[in-house]
Amino acid sequence: MAAQVATLSPDLCDGIRRQLGAWYDDLKRDLPWRRTGDPYAVWVSEVMLQQTQVKTVIPYYHRFMTLFPDVQHLARANDMTILKVWEGLGYYTRARNLHRAAQQIVKVSGGEIPSQWDDLRQLPGVGDYIAAAVLSIAHRQPYAVVDGNVKRVLARLLLMAVPVNQASGHKAYQAMADQLLDHSNPGRHNQAMMELGAVICTPKTPSCGQCPVHSFCEARRTRQTHCYPTRTRRAGVPHKQLVAGVVLKNGRFLLTQRPGEGLLAGLWEFPGGLLGVDEDSAAACASRIEETTGLKVRVERHIAAVRHAYTHFKIHMELFVCVWQQGRVRLNGPAAFRWVSVAQLESYPLHKAVHKALPALRHHLTRFKVK
Ligand code: SF4
């Protein structure tokens with residue numbers, strides 16, 4: 001059922017815009033990407049900020065902009081360098097899409113980022129949110145952004161009952177954000193809405209006493225701030241049991257690269273796979289390695305058990321040291337492989353569970369005389 005969208009009064013919209021804009025001008029946080037109107041910097045920062053907190057993003061943003069200061073540098077970079085800079089930030093598809101989009105921009109326009117909605121929207125990874133952010137902040141075009149922070153502010157301010165985590169409800173929030181948008185300064189207005197959600201109208205304990213729009217807020221007036229926003233219940237996070245092996249051969253060990261699309265796309269890991277129900281983990285490790293790489297290995301010893309929670313699933317990985325017995329690598333699943341030394345390991349973009357296993361790995365590899 002389509003959500004009903006109310007029409008906001010011009011007085012209400014004007015009042016909110018005025019108070020919000022003045023508050024933002026006075027009290028906004030000094031963030032590196034706010035010191036520039038460069039569309040590339042805005043784009044990179046907004047991509048990094050999706051699903052990620054500001055304090056986490058800042059060092060990544062600095063490193064990224066130092067290595068790839070413009071579209072041309074990013075387009076020329078290789079995948080592995082970009083993933084290495086992105087390592088730990090998560091949602092790796094974002095980095096791959098930025099890279100592909102930069103290459104497309106250089107090819108089509110010599111490096112000039114599109115300033116029209118339709119042109120920008122057709123770039124890899126550019127959805128409504130990124131397009132609205134770049135065009136409003138860098139080009140003062142009247143597009144309203146809607147992210148989690150904006151939805152929370154709107155839900156409380158206007159007492160919107162549409163669940164914020166329901167895809168079908170997004171249109172209702174977008175329609176309200178469009179009505180409220182300050183066309184005289186859309187970039188400032190969008191950033192102010194996001195800033196309000198990030199620092200004042202926070203998820204658990206909103207600081208209504210310091211809020212610039214408290215006099216307009218329906219949730220505050222009716223003492224219901226704790227009831228908004230609403231959410232639909234989600235099914236539990238899936239749990240995967242994995243086995244993986246550090247396969248040794250001639251003083252090197254095997255790394256495989258995940259496929260270019262899907263979960264943890266393009267990152268490197270130790271070969272392995274899912275552990276079946278009632279399967280012995282050591283035997284499963286040897287089987288998964290043979291299935292995915294074609295190598296026969298002898299499982300030498302168990303070296304670590306790693307737990308990690310990614311955004312959409314949790315894993316429990318049993319890691320073994322294995323010794324190559326026979327066969328040449330024939331990949332079935334992974335995109336690429338390398339035989340590497342311990343020192344070389346640092347230059348590969350690895351996913352979090354592999355990072356967690358590294359202390360145990362280093363300890364055991366010295367026993368196997370792997371350098
Ligand atoms: S008054 Fe409170 S609940 Fe309402 S928008 Fe401001 S911080 Fe959020």
# chains A, B, ... in the order shown; residues from 1 in each chain; ligands from 1
$ residues_around --residues "A:Arg233" --least-positions-apart "3" --cutoff "10 Å" --atoms "only C-alpha atoms" --output "MDAnalysis selection string"
chainID A and resid 163 165:166 230 236
$ write_last_selection --atoms "C-alpha atoms" --output "PDB file, in the first residue's frame"
ATOM      1  CA  PRO A 163       9.207   2.209   8.731  1.00  0.00           C
ATOM      2  CA  ASN A 165      14.041   0.227   6.891  1.00  0.00           C
ATOM      3  CA  GLN A 166      11.269  -0.598   4.412  1.00  0.00           C
ATOM      4  CA  THR A 230       9.624   2.937  13.335  1.00  0.00           C
ATOM      5  CA  GLY A 236      18.131 -12.950  12.069  1.00  0.00           C
TER       6      GLY A 236
END
$ select_by_dssp --residues "stretch 253-315 of chain A" --states "strand (DSSP E or B)" --output "PyMOL selection string"
chain A and resi 253-257+268-269+272-274+296-309+314-315
$ residues_near_ligand --ligand "ligand 1" --cutoff "7 Å" --atoms "only C-alpha atoms and all ligand atoms" --output "list in words"
Val153, Arg156, Leu157, Ile200, Cys201, Pro206, Ser207, Cys208, Cys211, Pro212, Val213, His214, Cys217, Glu218, Ala219, Arg220 and Thr225 of chain A
$ closest_residue --among "A:Ala95, A:Ala133, A:Val243, A:Leu31" --to "A:Asn78" --atoms "only C-alpha atoms"
A:Ala95
$ residues_around --residues "A:Met65" --least-positions-apart "4" --cutoff "9 Å" --atoms "only C-alpha atoms" --output "mmCIF file with all heavy atoms, in the first residue's frame"
data_model
loop_
_atom_site.group_PDB
_atom_site.id
_atom_site.type_symbol
_atom_site.label_atom_id
_atom_site.label_comp_id
_atom_site.auth_asym_id
_atom_site.auth_seq_id
_atom_site.Cartn_x
_atom_site.Cartn_y
_atom_site.Cartn_z
ATOM 1 N N ALA A 41 35.765 15.482 -4.706
ATOM 2 C CA ALA A 41 35.949 15.309 -3.255
ATOM 3 C C ALA A 41 34.606 15.022 -2.581
ATOM 4 O O ALA A 41 34.508 14.170 -1.691
ATOM 5 C CB ALA A 41 36.592 16.562 -2.656
ATOM 6 N N VAL A 44 33.662 11.346 -3.493
ATOM 7 C CA VAL A 44 34.434 10.345 -2.736
ATOM 8 C C VAL A 44 33.964 10.312 -1.280
ATOM 9 O O VAL A 44 33.718 9.243 -0.716
ATOM 10 C CB VAL A 44 35.951 10.659 -2.815
ATOM 11 C CG1 VAL A 44 36.735 9.804 -1.822
ATOM 12 C CG2 VAL A 44 36.474 10.447 -4.229
ATOM 13 N N TYR A 60 40.613 7.462 6.080
ATOM 14 C CA TYR A 60 40.509 6.841 4.751
ATOM 15 C C TYR A 60 40.402 7.914 3.672
ATOM 16 O O TYR A 60 41.015 7.803 2.616
ATOM 17 C CB TYR A 60 39.278 5.927 4.676
ATOM 18 C CG TYR A 60 39.492 4.589 5.330
ATOM 19 C CD1 TYR A 60 39.129 4.371 6.654
ATOM 20 C CD2 TYR A 60 40.069 3.535 4.628
ATOM 21 C CE1 TYR A 60 39.333 3.152 7.259
ATOM 22 C CE2 TYR A 60 40.272 2.301 5.219
ATOM 23 C CZ TYR A 60 39.904 2.117 6.546
ATOM 24 O OH TYR A 60 40.116 0.903 7.141
ATOM 25 N N TYR A 61 39.617 8.948 3.940
ATOM 26 C CA TYR A 61 39.427 10.035 2.971
ATOM 27 C C TYR A 61 40.776 10.703 2.677
ATOM 28 O O TYR A 61 41.126 10.928 1.519
ATOM 29 C CB TYR A 61 38.424 11.038 3.540
ATOM 30 C CG TYR A 61 38.255 12.272 2.697
ATOM 31 C CD1 TYR A 61 37.433 12.284 1.577
ATOM 32 C CD2 TYR A 61 38.943 13.448 3.020
ATOM 33 C CE1 TYR A 61 37.287 13.431 0.801
ATOM 34 C CE2 TYR A 61 38.797 14.597 2.256
ATOM 35 C CZ TYR A 61 37.966 14.582 1.150
ATOM 36 O OH TYR A 61 37.827 15.715 0.388
ATOM 37 N N PRO A 69 44.127 12.136 -6.206
ATOM 38 C CA PRO A 69 43.574 13.474 -5.955
ATOM 39 C C PRO A 69 42.507 13.918 -6.948
ATOM 40 O O PRO A 69 41.818 14.891 -6.695
ATOM 41 C CB PRO A 69 44.805 14.382 -6.058
ATOM 42 C CG PRO A 69 45.793 13.613 -6.855
ATOM 43 C CD PRO A 69 45.541 12.172 -6.602
ATOM 44 N N ASP A 70 42.377 13.213 -8.067
ATOM 45 C CA ASP A 70 41.340 13.597 -9.030
ATOM 46 C C ASP A 70 40.886 12.362 -9.814
ATOM 47 O O ASP A 70 41.428 11.260 -9.643
ATOM 48 C CB ASP A 70 41.836 14.699 -9.980
ATOM 49 C CG ASP A 70 43.166 14.337 -10.619
ATOM 50 O OD1 ASP A 70 43.361 13.141 -10.915
ATOM 51 O OD2 ASP A 70 44.013 15.221 -10.804
#
$ residues_around --residues "A:Pro114" --least-positions-apart "4" --cutoff "8 Å" --atoms "only C-alpha atoms" --output "ChimeraX atom specification"
/A:105,119-120
$ closest_residue --among "A:Ala357, A:Ala22, A:Leu267, A:Ala101" --to "A:His189" --atoms "only C-alpha atoms"
A:Ala22
$ residues_around --residues "stretch 293-303 of chain A" --least-positions-apart "2" --cutoff "7 Å" --atoms "only C-alpha atoms" --output "list in words"
Ala282, Ala286, Ile289, Glu290, Glu291, Leu319, Phe320, Val321, Cys322, Val323, Trp324, Gln325, Gln326, Gly327, Arg328, Val329, Arg330, Leu331, Asn332, Ala360 and Leu361 of chain A
$ write_last_selection --atoms "N, CA, C and O atoms" --output "short mmCIF file (atom, residue, chain, number, x, y, z; two decimals), in the first residue's frame"
data_model
loop_
_atom_site.label_atom_id
_atom_site.label_comp_id
_atom_site.auth_asym_id
_atom_site.auth_seq_id
_atom_site.Cartn_x
_atom_site.Cartn_y
_atom_site.Cartn_z
N ALA A 282 38.72 -30.66 9.41
CA ALA A 282 40.01 -30.83 8.73
C ALA A 282 39.80 -31.49 7.36
O ALA A 282 40.37 -31.05 6.35
N ALA A 286 40.49 -29.86 3.42
CA ALA A 286 41.19 -30.45 2.28
C ALA A 286 40.27 -30.56 1.06
O ALA A 286 40.68 -30.27 -0.08
N ILE A 289 39.57 -27.09 -0.53
CA ILE A 289 40.75 -26.59 -1.24
C ILE A 289 40.88 -27.30 -2.59
O ILE A 289 41.12 -26.67 -3.62
N GLU A 290 40.67 -28.61 -2.58
CA GLU A 290 40.76 -29.33 -3.86
C GLU A 290 39.65 -28.87 -4.82
O GLU A 290 39.89 -28.70 -6.01
N GLU A 291 38.45 -28.67 -4.29
CA GLU A 291 37.33 -28.25 -5.15
C GLU A 291 37.57 -26.87 -5.78
O GLU A 291 37.20 -26.62 -6.91
N LEU A 319 40.74 -22.36 10.69
CA LEU A 319 41.88 -22.20 9.77
C LEU A 319 42.95 -23.24 10.08
O LEU A 319 43.31 -23.45 11.24
N PHE A 320 43.45 -23.88 9.03
CA PHE A 320 44.46 -24.95 9.16
C PHE A 320 45.70 -24.60 8.35
O PHE A 320 45.61 -23.93 7.33
N VAL A 321 46.84 -25.10 8.81
CA VAL A 321 48.03 -25.10 7.95
C VAL A 321 48.00 -26.41 7.17
O VAL A 321 47.77 -27.48 7.75
N CYS A 322 48.19 -26.32 5.86
CA CYS A 322 48.17 -27.50 5.00
C CYS A 322 49.45 -27.54 4.17
O CYS A 322 50.04 -26.49 3.90
N VAL A 323 49.85 -28.71 3.76
CA VAL A 323 51.05 -28.82 2.93
C VAL A 323 50.64 -29.37 1.57
O VAL A 323 49.91 -30.37 1.48
N TRP A 324 51.11 -28.70 0.54
CA TRP A 324 50.79 -29.11 -0.84
C TRP A 324 51.31 -30.54 -1.08
O TRP A 324 52.44 -30.86 -0.70
N GLN A 325 50.52 -31.36 -1.73
CA GLN A 325 50.92 -32.73 -2.05
C GLN A 325 51.07 -32.92 -3.55
O GLN A 325 52.07 -33.43 -4.02
N GLN A 326 50.06 -32.54 -4.29
CA GLN A 326 50.18 -32.65 -5.75
C GLN A 326 49.16 -31.78 -6.46
O GLN A 326 48.18 -31.34 -5.86
N GLY A 327 49.42 -31.56 -7.75
CA GLY A 327 48.47 -30.81 -8.59
C GLY A 327 48.95 -29.40 -8.88
O GLY A 327 49.82 -28.86 -8.19
N ARG A 328 48.42 -28.84 -9.98
CA ARG A 328 48.65 -27.43 -10.32
C ARG A 328 47.36 -26.70 -10.07
O ARG A 328 46.28 -27.28 -10.09
N VAL A 329 47.46 -25.39 -9.82
CA VAL A 329 46.26 -24.63 -9.48
C VAL A 329 45.34 -24.53 -10.70
O VAL A 329 45.74 -24.10 -11.78
N ARG A 330 44.11 -24.99 -10.52
CA ARG A 330 43.03 -24.81 -11.52
C ARG A 330 41.85 -24.24 -10.75
O ARG A 330 41.23 -24.95 -9.95
N LEU A 331 41.61 -22.97 -10.95
CA LEU A 331 40.62 -22.29 -10.10
C LEU A 331 39.19 -22.63 -10.47
O LEU A 331 38.83 -22.69 -11.65
N ASN A 332 38.39 -22.83 -9.45
CA ASN A 332 36.96 -23.07 -9.64
C ASN A 332 36.23 -22.20 -8.60
O ASN A 332 36.01 -22.61 -7.48
N ALA A 360 47.99 -15.54 14.62
CA ALA A 360 48.19 -16.99 14.77
C ALA A 360 48.98 -17.53 13.58
O ALA A 360 49.86 -18.39 13.72
N LEU A 361 48.68 -17.00 12.41
CA LEU A 361 49.36 -17.47 11.20
C LEU A 361 50.87 -17.19 11.29
O LEU A 361 51.69 -18.07 11.04
#
